[in-house]
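Below is the file model.txt, which contains compact mmCIF, N, CA and C atoms.
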```
# COMPACT_ATOMS: atom_id res chain seq x y z
N MET B 72 212.27 120.57 142.55
CA MET B 72 212.29 120.32 143.97
C MET B 72 210.92 120.57 144.58
N LYS B 73 210.34 121.71 144.14
CA LYS B 73 209.00 122.02 144.65
C LYS B 73 208.01 120.96 144.21
N ASN B 74 208.20 120.43 143.01
CA ASN B 74 207.30 119.39 142.51
C ASN B 74 207.38 118.13 143.36
N ILE B 75 208.58 117.76 143.73
CA ILE B 75 208.76 116.56 144.54
C ILE B 75 208.13 116.76 145.91
N LEU B 76 208.34 117.93 146.47
CA LEU B 76 207.74 118.24 147.77
C LEU B 76 206.22 118.23 147.67
N PHE B 77 205.69 118.78 146.60
CA PHE B 77 204.25 118.81 146.39
C PHE B 77 203.69 117.38 146.24
N ILE B 78 204.39 116.54 145.50
CA ILE B 78 203.97 115.14 145.31
C ILE B 78 204.01 114.39 146.64
N LEU B 79 205.04 114.62 147.44
CA LEU B 79 205.14 113.97 148.75
C LEU B 79 204.00 114.40 149.67
N ILE B 80 203.66 115.67 149.64
CA ILE B 80 202.56 116.17 150.48
C ILE B 80 201.25 115.55 150.03
N LEU B 81 201.03 115.48 148.70
CA LEU B 81 199.81 114.85 148.18
C LEU B 81 199.74 113.38 148.55
N ALA B 82 200.85 112.68 148.42
CA ALA B 82 200.88 111.25 148.76
C ALA B 82 200.60 111.04 150.24
N PHE B 83 201.23 111.85 151.09
CA PHE B 83 201.00 111.75 152.53
C PHE B 83 199.54 112.03 152.87
N THR B 84 198.95 113.05 152.24
CA THR B 84 197.56 113.40 152.47
C THR B 84 196.65 112.26 152.03
N ALA B 85 196.93 111.67 150.88
CA ALA B 85 196.12 110.57 150.36
C ALA B 85 196.20 109.36 151.29
N ILE B 86 197.40 109.05 151.75
CA ILE B 86 197.59 107.92 152.66
C ILE B 86 196.86 108.17 153.97
N THR B 87 196.99 109.38 154.49
CA THR B 87 196.33 109.73 155.75
C THR B 87 194.81 109.67 155.59
N ALA B 88 194.30 110.21 154.48
CA ALA B 88 192.85 110.20 154.22
C ALA B 88 192.36 108.76 154.07
N SER B 89 193.14 107.96 153.36
CA SER B 89 192.78 106.56 153.15
C SER B 89 192.76 105.82 154.49
N SER B 90 193.77 106.06 155.30
CA SER B 90 193.84 105.41 156.61
C SER B 90 192.67 105.84 157.48
N HIS B 91 192.37 107.13 157.45
CA HIS B 91 191.26 107.64 158.23
C HIS B 91 189.94 107.04 157.75
N SER B 92 189.79 106.93 156.42
CA SER B 92 188.59 106.35 155.84
C SER B 92 188.46 104.88 156.25
N ASP B 93 189.56 104.14 156.19
CA ASP B 93 189.55 102.73 156.61
C ASP B 93 189.22 102.61 158.09
N TYR B 94 189.80 103.51 158.88
CA TYR B 94 189.54 103.51 160.32
C TYR B 94 188.06 103.73 160.60
N GLU B 95 187.46 104.73 159.92
CA GLU B 95 186.04 105.03 160.12
C GLU B 95 185.17 103.86 159.66
N SER B 96 185.56 103.26 158.55
CA SER B 96 184.82 102.11 158.03
C SER B 96 184.87 100.94 159.02
N THR B 97 186.05 100.68 159.55
CA THR B 97 186.22 99.61 160.53
C THR B 97 185.44 99.92 161.80
N LYS B 98 185.45 101.17 162.19
CA LYS B 98 184.73 101.60 163.39
C LYS B 98 183.22 101.38 163.21
N ARG B 99 182.69 101.76 162.03
CA ARG B 99 181.27 101.54 161.73
C ARG B 99 180.92 100.06 161.72
N GLU B 100 181.80 99.27 161.11
CA GLU B 100 181.57 97.83 161.04
C GLU B 100 181.58 97.21 162.44
N ASN B 101 182.49 97.65 163.30
CA ASN B 101 182.53 97.15 164.68
C ASN B 101 181.26 97.49 165.43
N ARG B 102 180.77 98.74 165.26
CA ARG B 102 179.52 99.14 165.91
C ARG B 102 178.36 98.27 165.44
N TYR B 103 178.32 98.02 164.12
CA TYR B 103 177.27 97.19 163.55
C TYR B 103 177.33 95.77 164.11
N LEU B 104 178.54 95.21 164.17
CA LEU B 104 178.70 93.84 164.68
C LEU B 104 178.34 93.74 166.16
N LYS B 105 178.69 94.75 166.94
CA LYS B 105 178.32 94.75 168.36
C LYS B 105 176.81 94.79 168.53
N LYS B 106 176.16 95.61 167.70
CA LYS B 106 174.70 95.69 167.75
C LYS B 106 174.09 94.34 167.36
N GLU B 107 174.63 93.73 166.34
CA GLU B 107 174.14 92.42 165.88
C GLU B 107 174.32 91.36 166.97
N ILE B 108 175.44 91.38 167.66
CA ILE B 108 175.68 90.43 168.75
C ILE B 108 174.66 90.62 169.87
N LYS B 109 174.37 91.87 170.22
CA LYS B 109 173.37 92.14 171.25
C LYS B 109 172.01 91.59 170.85
N GLU B 110 171.63 91.81 169.59
CA GLU B 110 170.35 91.31 169.11
C GLU B 110 170.31 89.79 169.12
N LEU B 111 171.40 89.16 168.71
CA LEU B 111 171.45 87.69 168.72
C LEU B 111 171.37 87.14 170.14
N ARG B 112 172.05 87.78 171.07
CA ARG B 112 171.97 87.35 172.47
C ARG B 112 170.55 87.48 173.00
N ALA B 113 169.87 88.56 172.64
CA ALA B 113 168.48 88.75 173.07
C ALA B 113 167.60 87.66 172.47
N ASP B 114 167.84 87.33 171.20
CA ASP B 114 167.07 86.25 170.56
C ASP B 114 167.31 84.91 171.24
N VAL B 115 168.56 84.64 171.59
CA VAL B 115 168.89 83.39 172.27
C VAL B 115 168.19 83.32 173.63
N ARG B 116 168.21 84.43 174.37
CA ARG B 116 167.52 84.46 175.67
C ARG B 116 166.03 84.22 175.50
N ARG B 117 165.46 84.84 174.48
CA ARG B 117 164.03 84.67 174.22
C ARG B 117 163.72 83.21 173.87
N LEU B 118 164.54 82.58 173.03
CA LEU B 118 164.35 81.17 172.67
C LEU B 118 164.53 80.25 173.87
N GLU B 119 165.52 80.55 174.71
CA GLU B 119 165.71 79.75 175.92
C GLU B 119 164.47 79.82 176.80
N GLY B 120 163.89 81.01 176.93
CA GLY B 120 162.67 81.17 177.72
C GLY B 120 161.52 80.38 177.14
N LEU B 121 161.38 80.39 175.83
CA LEU B 121 160.31 79.62 175.19
C LEU B 121 160.50 78.12 175.42
N ILE B 122 161.74 77.67 175.31
CA ILE B 122 162.03 76.25 175.53
C ILE B 122 161.69 75.86 176.96
N LEU B 123 162.10 76.69 177.92
CA LEU B 123 161.79 76.39 179.32
C LEU B 123 160.29 76.38 179.56
N ASN B 124 159.56 77.31 178.95
CA ASN B 124 158.09 77.32 179.10
C ASN B 124 157.47 76.07 178.51
N LEU B 125 157.95 75.64 177.34
CA LEU B 125 157.41 74.43 176.73
C LEU B 125 157.72 73.20 177.58
N MET B 126 158.95 73.13 178.10
CA MET B 126 159.31 72.00 178.95
C MET B 126 158.42 71.97 180.20
N ASP B 127 158.17 73.14 180.76
CA ASP B 127 157.31 73.24 181.94
C ASP B 127 155.89 72.79 181.60
N MET B 128 155.39 73.18 180.44
CA MET B 128 154.05 72.78 180.04
C MET B 128 153.96 71.27 179.86
N VAL B 129 154.99 70.67 179.27
CA VAL B 129 154.99 69.23 179.05
C VAL B 129 155.04 68.49 180.39
N GLU B 130 155.87 68.97 181.31
CA GLU B 130 156.01 68.31 182.61
C GLU B 130 154.74 68.42 183.45
N HIS B 131 153.99 69.50 183.30
CA HIS B 131 152.81 69.70 184.13
C HIS B 131 151.52 69.31 183.42
N LYS B 132 151.64 68.70 182.25
CA LYS B 132 150.46 68.25 181.53
C LYS B 132 149.87 67.04 182.27
N PRO B 133 148.58 66.98 182.44
CA PRO B 133 147.99 65.84 183.16
C PRO B 133 148.37 64.51 182.52
N ARG B 134 148.58 63.53 183.37
CA ARG B 134 149.03 62.21 182.91
C ARG B 134 148.07 61.59 181.89
N HIS B 135 146.77 61.70 182.14
CA HIS B 135 145.83 61.03 181.26
C HIS B 135 145.78 61.64 179.87
N ASP B 136 146.29 62.85 179.69
CA ASP B 136 146.29 63.48 178.38
C ASP B 136 147.55 63.16 177.58
N ARG B 137 148.61 62.74 178.26
CA ARG B 137 149.87 62.48 177.56
C ARG B 137 149.71 61.32 176.61
N GLY B 138 150.03 61.56 175.37
CA GLY B 138 150.03 60.49 174.38
C GLY B 138 148.66 59.92 174.12
N HIS B 139 147.62 60.56 174.58
CA HIS B 139 146.28 60.02 174.38
C HIS B 139 145.75 60.52 173.05
N LYS B 140 145.98 59.71 172.06
CA LYS B 140 145.42 60.02 170.75
C LYS B 140 144.13 59.22 170.67
N LYS B 141 143.36 59.50 169.68
CA LYS B 141 142.15 58.71 169.52
C LYS B 141 142.60 57.27 169.26
N GLN B 142 142.38 56.41 170.24
CA GLN B 142 142.85 55.04 170.13
C GLN B 142 141.72 54.11 169.77
N TRP B 143 142.12 53.02 169.18
CA TRP B 143 141.20 51.96 168.86
C TRP B 143 141.34 50.86 169.90
N ALA B 144 140.24 50.21 170.20
CA ALA B 144 140.25 49.06 171.10
C ALA B 144 139.38 47.98 170.49
N CYS B 145 139.84 46.75 170.56
CA CYS B 145 139.09 45.61 170.05
C CYS B 145 139.03 44.54 171.13
N TYR B 146 137.94 43.83 171.15
CA TYR B 146 137.82 42.72 172.08
C TYR B 146 137.07 41.58 171.42
N MET B 147 137.20 40.43 172.01
CA MET B 147 136.48 39.24 171.56
C MET B 147 136.36 38.28 172.71
N ASN B 148 135.34 37.46 172.68
CA ASN B 148 135.17 36.40 173.67
C ASN B 148 135.41 35.08 172.96
N ASP B 149 136.35 34.32 173.47
CA ASP B 149 136.66 33.01 172.89
C ASP B 149 136.43 31.97 173.97
N MET B 150 135.89 30.82 173.57
CA MET B 150 135.57 29.76 174.55
C MET B 150 136.84 29.29 175.27
N ARG B 151 137.94 29.18 174.56
CA ARG B 151 139.16 28.67 175.17
C ARG B 151 139.98 29.78 175.83
N ALA B 152 140.15 30.89 175.14
CA ALA B 152 141.04 31.95 175.60
C ALA B 152 140.34 32.92 176.56
N GLY B 153 139.02 32.97 176.55
CA GLY B 153 138.28 33.89 177.40
C GLY B 153 138.16 35.26 176.73
N GLY B 154 137.97 36.27 177.54
CA GLY B 154 137.84 37.63 177.02
C GLY B 154 139.20 38.20 176.67
N ILE B 155 139.37 38.59 175.45
CA ILE B 155 140.66 39.09 174.95
C ILE B 155 140.44 40.50 174.41
N TYR B 156 141.40 41.37 174.66
CA TYR B 156 141.30 42.73 174.10
C TYR B 156 142.68 43.20 173.66
N GLY B 157 142.68 44.22 172.84
CA GLY B 157 143.92 44.84 172.39
C GLY B 157 143.64 46.28 172.00
N THR B 158 144.64 47.13 172.14
CA THR B 158 144.48 48.55 171.78
C THR B 158 145.58 48.96 170.82
N GLY B 159 145.32 50.01 170.06
CA GLY B 159 146.31 50.53 169.13
C GLY B 159 145.91 51.89 168.60
N SER B 160 146.83 52.53 167.91
CA SER B 160 146.53 53.86 167.36
C SER B 160 145.71 53.76 166.08
N SER B 161 145.58 52.57 165.53
CA SER B 161 144.72 52.35 164.36
C SER B 161 143.89 51.10 164.61
N GLU B 162 142.83 50.96 163.83
CA GLU B 162 141.97 49.78 163.99
C GLU B 162 142.73 48.51 163.66
N ALA B 163 143.56 48.56 162.62
CA ALA B 163 144.34 47.39 162.22
C ALA B 163 145.30 46.96 163.32
N GLU B 164 145.94 47.93 163.97
CA GLU B 164 146.87 47.61 165.05
C GLU B 164 146.15 46.97 166.23
N ALA B 165 144.99 47.52 166.59
CA ALA B 165 144.21 46.96 167.70
C ALA B 165 143.75 45.55 167.38
N LYS B 166 143.29 45.32 166.14
CA LYS B 166 142.86 43.97 165.74
C LYS B 166 144.03 43.00 165.81
N GLY B 167 145.18 43.41 165.29
CA GLY B 167 146.36 42.55 165.29
C GLY B 167 146.77 42.17 166.70
N LYS B 168 146.78 43.12 167.62
CA LYS B 168 147.17 42.83 169.00
C LYS B 168 146.16 41.89 169.67
N THR B 169 144.88 42.09 169.39
CA THR B 169 143.85 41.25 169.99
C THR B 169 143.98 39.82 169.48
N LEU B 170 144.15 39.65 168.17
CA LEU B 170 144.30 38.31 167.60
C LEU B 170 145.58 37.63 168.09
N GLN B 171 146.64 38.40 168.23
CA GLN B 171 147.90 37.85 168.74
C GLN B 171 147.73 37.36 170.17
N SER B 172 147.04 38.14 170.98
CA SER B 172 146.80 37.76 172.37
C SER B 172 145.91 36.52 172.45
N CYS B 173 144.93 36.46 171.59
CA CYS B 173 144.03 35.31 171.56
C CYS B 173 144.81 34.03 171.22
N THR B 174 145.68 34.14 170.21
CA THR B 174 146.49 32.98 169.80
C THR B 174 147.43 32.55 170.93
N LYS B 175 148.04 33.50 171.61
CA LYS B 175 148.94 33.18 172.74
C LYS B 175 148.21 32.42 173.83
N ASN B 176 146.95 32.77 174.04
CA ASN B 176 146.17 32.13 175.10
C ASN B 176 145.48 30.85 174.65
N GLY B 177 145.82 30.37 173.44
CA GLY B 177 145.30 29.09 172.96
C GLY B 177 143.88 29.14 172.43
N GLY B 178 143.43 30.29 172.02
CA GLY B 178 142.07 30.42 171.50
C GLY B 178 141.98 30.15 170.01
N VAL B 179 140.76 30.01 169.53
CA VAL B 179 140.49 29.89 168.11
C VAL B 179 140.06 31.28 167.66
N CYS B 180 140.90 31.95 166.91
CA CYS B 180 140.74 33.38 166.69
C CYS B 180 140.45 33.71 165.23
N PHE B 181 139.36 34.42 165.02
CA PHE B 181 138.99 34.89 163.69
C PHE B 181 138.70 36.39 163.78
N SER B 182 139.14 37.12 162.78
CA SER B 182 138.93 38.56 162.82
C SER B 182 137.45 38.93 162.74
N SER B 183 136.64 38.05 162.22
CA SER B 183 135.20 38.33 162.14
C SER B 183 134.55 38.35 163.52
N ASP B 184 135.20 37.76 164.53
CA ASP B 184 134.67 37.74 165.89
C ASP B 184 135.02 39.01 166.68
N LEU B 185 135.87 39.85 166.12
CA LEU B 185 136.32 41.05 166.83
C LEU B 185 135.27 42.13 166.81
N LYS B 186 135.19 42.85 167.92
CA LYS B 186 134.34 44.04 168.01
C LYS B 186 135.29 45.20 168.36
N CYS B 187 135.31 46.22 167.51
CA CYS B 187 136.26 47.32 167.70
C CYS B 187 135.53 48.66 167.81
N SER B 188 136.14 49.56 168.57
CA SER B 188 135.62 50.91 168.67
C SER B 188 136.77 51.88 168.85
N LYS B 189 136.44 53.14 168.57
CA LYS B 189 137.45 54.20 168.66
C LYS B 189 137.14 55.08 169.85
N SER B 190 138.14 55.38 170.68
CA SER B 190 137.92 56.26 171.82
C SER B 190 137.95 57.70 171.38
N ASP B 191 137.23 58.55 172.09
CA ASP B 191 137.19 59.97 171.74
C ASP B 191 137.95 60.80 172.73
```
As a first step, turn the structure in this file into structure tokens.
Amino acid sequence: MKNILFILILAFTAITASSHSDYESTKRENRYLKKEIKELRADVRRLEGLILNLMDMVEHKPRHDRGHKKQWACYMNDMRAGGIYGTGSSEAEAKGKTLQSCTKNGGVCFSSDLKCSKSD
């Protein structure tokens, strides 16, 4: 009888200790997760601020600087079509646009007649 009582007390103690251990573990994990959530929220706020600053910088950037890459420009004088020019982000693109414009205007167009330069 004493043995059964002793076993029951040990089992109850083990269950209680296990429950307490699980409770403490869960409590620690909850604290950790709450801390992690706070840090993530702070990171999100910081990123939102950076995005707003970048958007503000883009909106207030001077117009003449927007999209102004070093561009190529080509021109030619044709007897029929007159003065023709074209621009592009590469020399080939500028030449192509100039020749296309010359052809549209009824000119006699040769790439050897083109004069091209790059803007700085």
- Between atom C of Gly178 in chain B and atom C of Ala152 in chain B, measure the distance and give it in Å to one decimal. 7.3 Å
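Take the candidates B:Asp93, B:Gly159, B:Gly154, B:Asp149 and check each one against Cys180 in chain B using only C-alpha atoms; the shortest distance goes to B:Asp149.
For the choices B:Lys175, B:Lys186, B:Arg99, B:His131, the atom-to-atom distance to Thr158 in chain B is smallest for B:Lys186 when using only C-alpha atoms.
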- Query: Can you tell me how far atom N of Val115 in chain B sits from atom N of Met128 in chain B, in Å to one decimal?
  - Reply: 19.6 Å
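For the pair atom N of Ser172 in chain B and CA of Gly157 in chain B, the interatomic distance is 7.5 Å.
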- Query: Please, which residues of range 96-189 of chain B, numbered as in this document, come out alpha helix (DSSP H) from DSSP, as a VMD selection string?
  - Reply: chain B and resid 96 to 130 162 to 175
- Could you pull out the residues in range 100-160 of chain B that DSSP calls strand (DSSP E or B) from the backbone, as an MDAnalysis selection string? chainID B and resid 143:149 153:159
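Close contacts of Ser160 in chain B, defined as residues with an atom at most 8 Å away when counting all atoms listed in the file, with chain neighbours fewer than 2 positions off set aside, comprise B:Lys140, B:Lys141, B:Gln142, B:Trp143, B:Ala144, B:Thr158, B:Glu162, B:Ala163, B:Glu164, B:Ala165.
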Only N, CA and C atoms, please: the residues just picked out, written as a PDB file, in the coordinates of the input.
```pdb
ATOM      1  N   LYS B 140     145.980  59.710 172.060  1.00  0.00           N
ATOM      2  CA  LYS B 140     145.420  60.020 170.750  1.00  0.00           C
ATOM      3  C   LYS B 140     144.130  59.220 170.670  1.00  0.00           C
ATOM      4  N   LYS B 141     143.360  59.500 169.680  1.00  0.00           N
ATOM      5  CA  LYS B 141     142.150  58.710 169.520  1.00  0.00           C
ATOM      6  C   LYS B 141     142.600  57.270 169.260  1.00  0.00           C
ATOM      7  N   GLN B 142     142.380  56.410 170.240  1.00  0.00           N
ATOM      8  CA  GLN B 142     142.850  55.040 170.130  1.00  0.00           C
ATOM      9  C   GLN B 142     141.720  54.110 169.770  1.00  0.00           C
ATOM     10  N   TRP B 143     142.120  53.020 169.180  1.00  0.00           N
ATOM     11  CA  TRP B 143     141.200  51.960 168.860  1.00  0.00           C
ATOM     12  C   TRP B 143     141.340  50.860 169.900  1.00  0.00           C
ATOM     13  N   ALA B 144     140.240  50.210 170.200  1.00  0.00           N
ATOM     14  CA  ALA B 144     140.250  49.060 171.100  1.00  0.00           C
ATOM     15  C   ALA B 144     139.380  47.980 170.490  1.00  0.00           C
ATOM     16  N   THR B 158     144.640  47.130 172.140  1.00  0.00           N
ATOM     17  CA  THR B 158     144.480  48.550 171.780  1.00  0.00           C
ATOM     18  C   THR B 158     145.580  48.960 170.820  1.00  0.00           C
ATOM     19  N   GLU B 162     142.830  50.960 163.830  1.00  0.00           N
ATOM     20  CA  GLU B 162     141.970  49.780 163.990  1.00  0.00           C
ATOM     21  C   GLU B 162     142.730  48.510 163.660  1.00  0.00           C
ATOM     22  N   ALA B 163     143.560  48.560 162.620  1.00  0.00           N
ATOM     23  CA  ALA B 163     144.340  47.390 162.220  1.00  0.00           C
ATOM     24  C   ALA B 163     145.300  46.960 163.320  1.00  0.00           C
ATOM     25  N   GLU B 164     145.940  47.930 163.970  1.00  0.00           N
ATOM     26  CA  GLU B 164     146.870  47.610 165.050  1.00  0.00           C
ATOM     27  C   GLU B 164     146.150  46.970 166.230  1.00  0.00           C
ATOM     28  N   ALA B 165     144.990  47.520 166.590  1.00  0.00           N
ATOM     29  CA  ALA B 165     144.210  46.960 167.700  1.00  0.00           C
ATOM     30  C   ALA B 165     143.750  45.550 167.380  1.00  0.00           C
TER      31      ALA B 165
END
```
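Among the candidates B:Met147, B:Leu170, B:Ile155, B:Leu125, the residue lying nearest to Leu185 in chain B is B:Met147 (atoms considered: only C-alpha atoms).
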Atoms kept (N, CA and C atoms) for range 155-182 of chain B, as an mmCIF file, in the first residue's frame:
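In the end it all went to selection-v1.cif:
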```cif
data_model
loop_
_atom_site.group_PDB
_atom_site.id
_atom_site.type_symbol
_atom_site.label_atom_id
_atom_site.label_comp_id
_atom_site.auth_asym_id
_atom_site.auth_seq_id
_atom_site.Cartn_x
_atom_site.Cartn_y
_atom_site.Cartn_z
ATOM 1 N N ILE B 155 17.734 66.618 -90.748
ATOM 2 C CA ILE B 155 17.107 65.503 -90.031
ATOM 3 C C ILE B 155 17.987 65.148 -88.839
ATOM 4 N N TYR B 156 17.354 64.833 -87.726
ATOM 5 C CA TYR B 156 18.125 64.406 -86.549
ATOM 6 C C TYR B 156 17.385 63.287 -85.828
ATOM 7 N N GLY B 157 18.114 62.585 -85.000
ATOM 8 C CA GLY B 157 17.537 61.528 -84.176
ATOM 9 C C GLY B 157 18.399 61.342 -82.938
ATOM 10 N N THR B 158 17.785 60.912 -81.855
ATOM 11 C CA THR B 158 18.522 60.682 -80.605
ATOM 12 C C THR B 158 18.252 59.272 -80.104
ATOM 13 N N GLY B 159 19.176 58.768 -79.294
ATOM 14 C CA GLY B 159 19.012 57.442 -78.713
ATOM 15 C C GLY B 159 20.015 57.207 -77.606
ATOM 16 N N SER B 160 19.821 56.119 -76.881
ATOM 17 C CA SER B 160 20.747 55.807 -75.786
ATOM 18 C C SER B 160 22.031 55.174 -76.303
ATOM 19 N N SER B 161 22.062 54.795 -77.567
ATOM 20 C CA SER B 161 23.285 54.280 -78.187
ATOM 21 C C SER B 161 23.448 54.945 -79.546
ATOM 22 N N GLU B 162 24.655 54.868 -80.077
ATOM 23 C CA GLU B 162 24.910 55.471 -81.389
ATOM 24 C C GLU B 162 24.074 54.794 -82.467
ATOM 25 N N ALA B 163 23.967 53.470 -82.388
ATOM 26 C CA ALA B 163 23.189 52.724 -83.376
ATOM 27 C C ALA B 163 21.719 53.133 -83.352
ATOM 28 N N GLU B 164 21.169 53.329 -82.164
ATOM 29 C CA GLU B 164 19.766 53.735 -82.048
ATOM 30 C C GLU B 164 19.551 55.123 -82.639
ATOM 31 N N ALA B 165 20.467 56.046 -82.340
ATOM 32 C CA ALA B 165 20.352 57.413 -82.881
ATOM 33 C C ALA B 165 20.461 57.400 -84.395
ATOM 34 N N LYS B 166 21.395 56.610 -84.937
ATOM 35 C CA LYS B 166 21.535 56.516 -86.398
ATOM 36 C C LYS B 166 20.267 55.951 -87.029
ATOM 37 N N GLY B 167 19.738 54.887 -86.435
ATOM 38 C CA GLY B 167 18.525 54.266 -86.960
ATOM 39 C C GLY B 167 17.352 55.229 -86.981
ATOM 40 N N LYS B 168 17.166 55.984 -85.916
ATOM 41 C CA LYS B 168 16.056 56.945 -85.859
ATOM 42 C C LYS B 168 16.238 58.060 -86.885
ATOM 43 N N THR B 169 17.474 58.513 -87.064
ATOM 44 C CA THR B 169 17.739 59.580 -88.020
ATOM 45 C C THR B 169 17.465 59.095 -89.439
ATOM 46 N N LEU B 170 17.944 57.906 -89.780
ATOM 47 C CA LEU B 170 17.713 57.350 -91.117
ATOM 48 C C LEU B 170 16.230 57.081 -91.362
ATOM 49 N N GLN B 171 15.537 56.623 -90.344
ATOM 50 C CA GLN B 171 14.097 56.373 -90.466
ATOM 51 C C GLN B 171 13.352 57.677 -90.728
ATOM 52 N N SER B 172 13.722 58.719 -90.024
ATOM 53 C CA SER B 172 13.091 60.020 -90.209
ATOM 54 C C SER B 172 13.390 60.583 -91.591
ATOM 55 N N CYS B 173 14.605 60.389 -92.049
ATOM 56 C CA CYS B 173 14.991 60.855 -93.375
ATOM 57 C C CYS B 173 14.151 60.160 -94.452
ATOM 58 N N THR B 174 13.999 58.842 -94.307
ATOM 59 C CA THR B 174 13.216 58.074 -95.275
ATOM 60 C C THR B 174 11.750 58.518 -95.260
ATOM 61 N N LYS B 175 11.195 58.754 -94.082
ATOM 62 C CA LYS B 175 9.797 59.215 -93.970
ATOM 63 C C LYS B 175 9.591 60.540 -94.691
ATOM 64 N N ASN B 176 10.611 61.392 -94.641
ATOM 65 C CA ASN B 176 10.495 62.716 -95.267
ATOM 66 C C ASN B 176 10.898 62.715 -96.739
ATOM 67 N N GLY B 177 11.098 61.520 -97.312
ATOM 68 C CA GLY B 177 11.371 61.412 -98.748
ATOM 69 C C GLY B 177 12.801 61.723 -99.137
ATOM 70 N N GLY B 178 13.722 61.613 -98.225
ATOM 71 C CA GLY B 178 15.118 61.910 -98.534
ATOM 72 C C GLY B 178 15.870 60.707 -99.069
ATOM 73 N N VAL B 179 17.059 60.970 -99.582
ATOM 74 C CA VAL B 179 17.963 59.916 -100.014
ATOM 75 C C VAL B 179 18.966 59.759 -98.866
ATOM 76 N N CYS B 180 18.870 58.668 -98.148
ATOM 77 C CA CYS B 180 19.548 58.556 -96.859
ATOM 78 C C CYS B 180 20.626 57.485 -96.875
ATOM 79 N N PHE B 181 21.833 57.888 -96.504
ATOM 80 C CA PHE B 181 22.954 56.962 -96.372
ATOM 81 C C PHE B 181 23.591 57.181 -95.004
ATOM 82 N N SER B 182 23.970 56.098 -94.363
ATOM 83 C CA SER B 182 24.551 56.229 -93.035
ATOM 84 C C SER B 182 25.898 56.955 -93.073
#
```
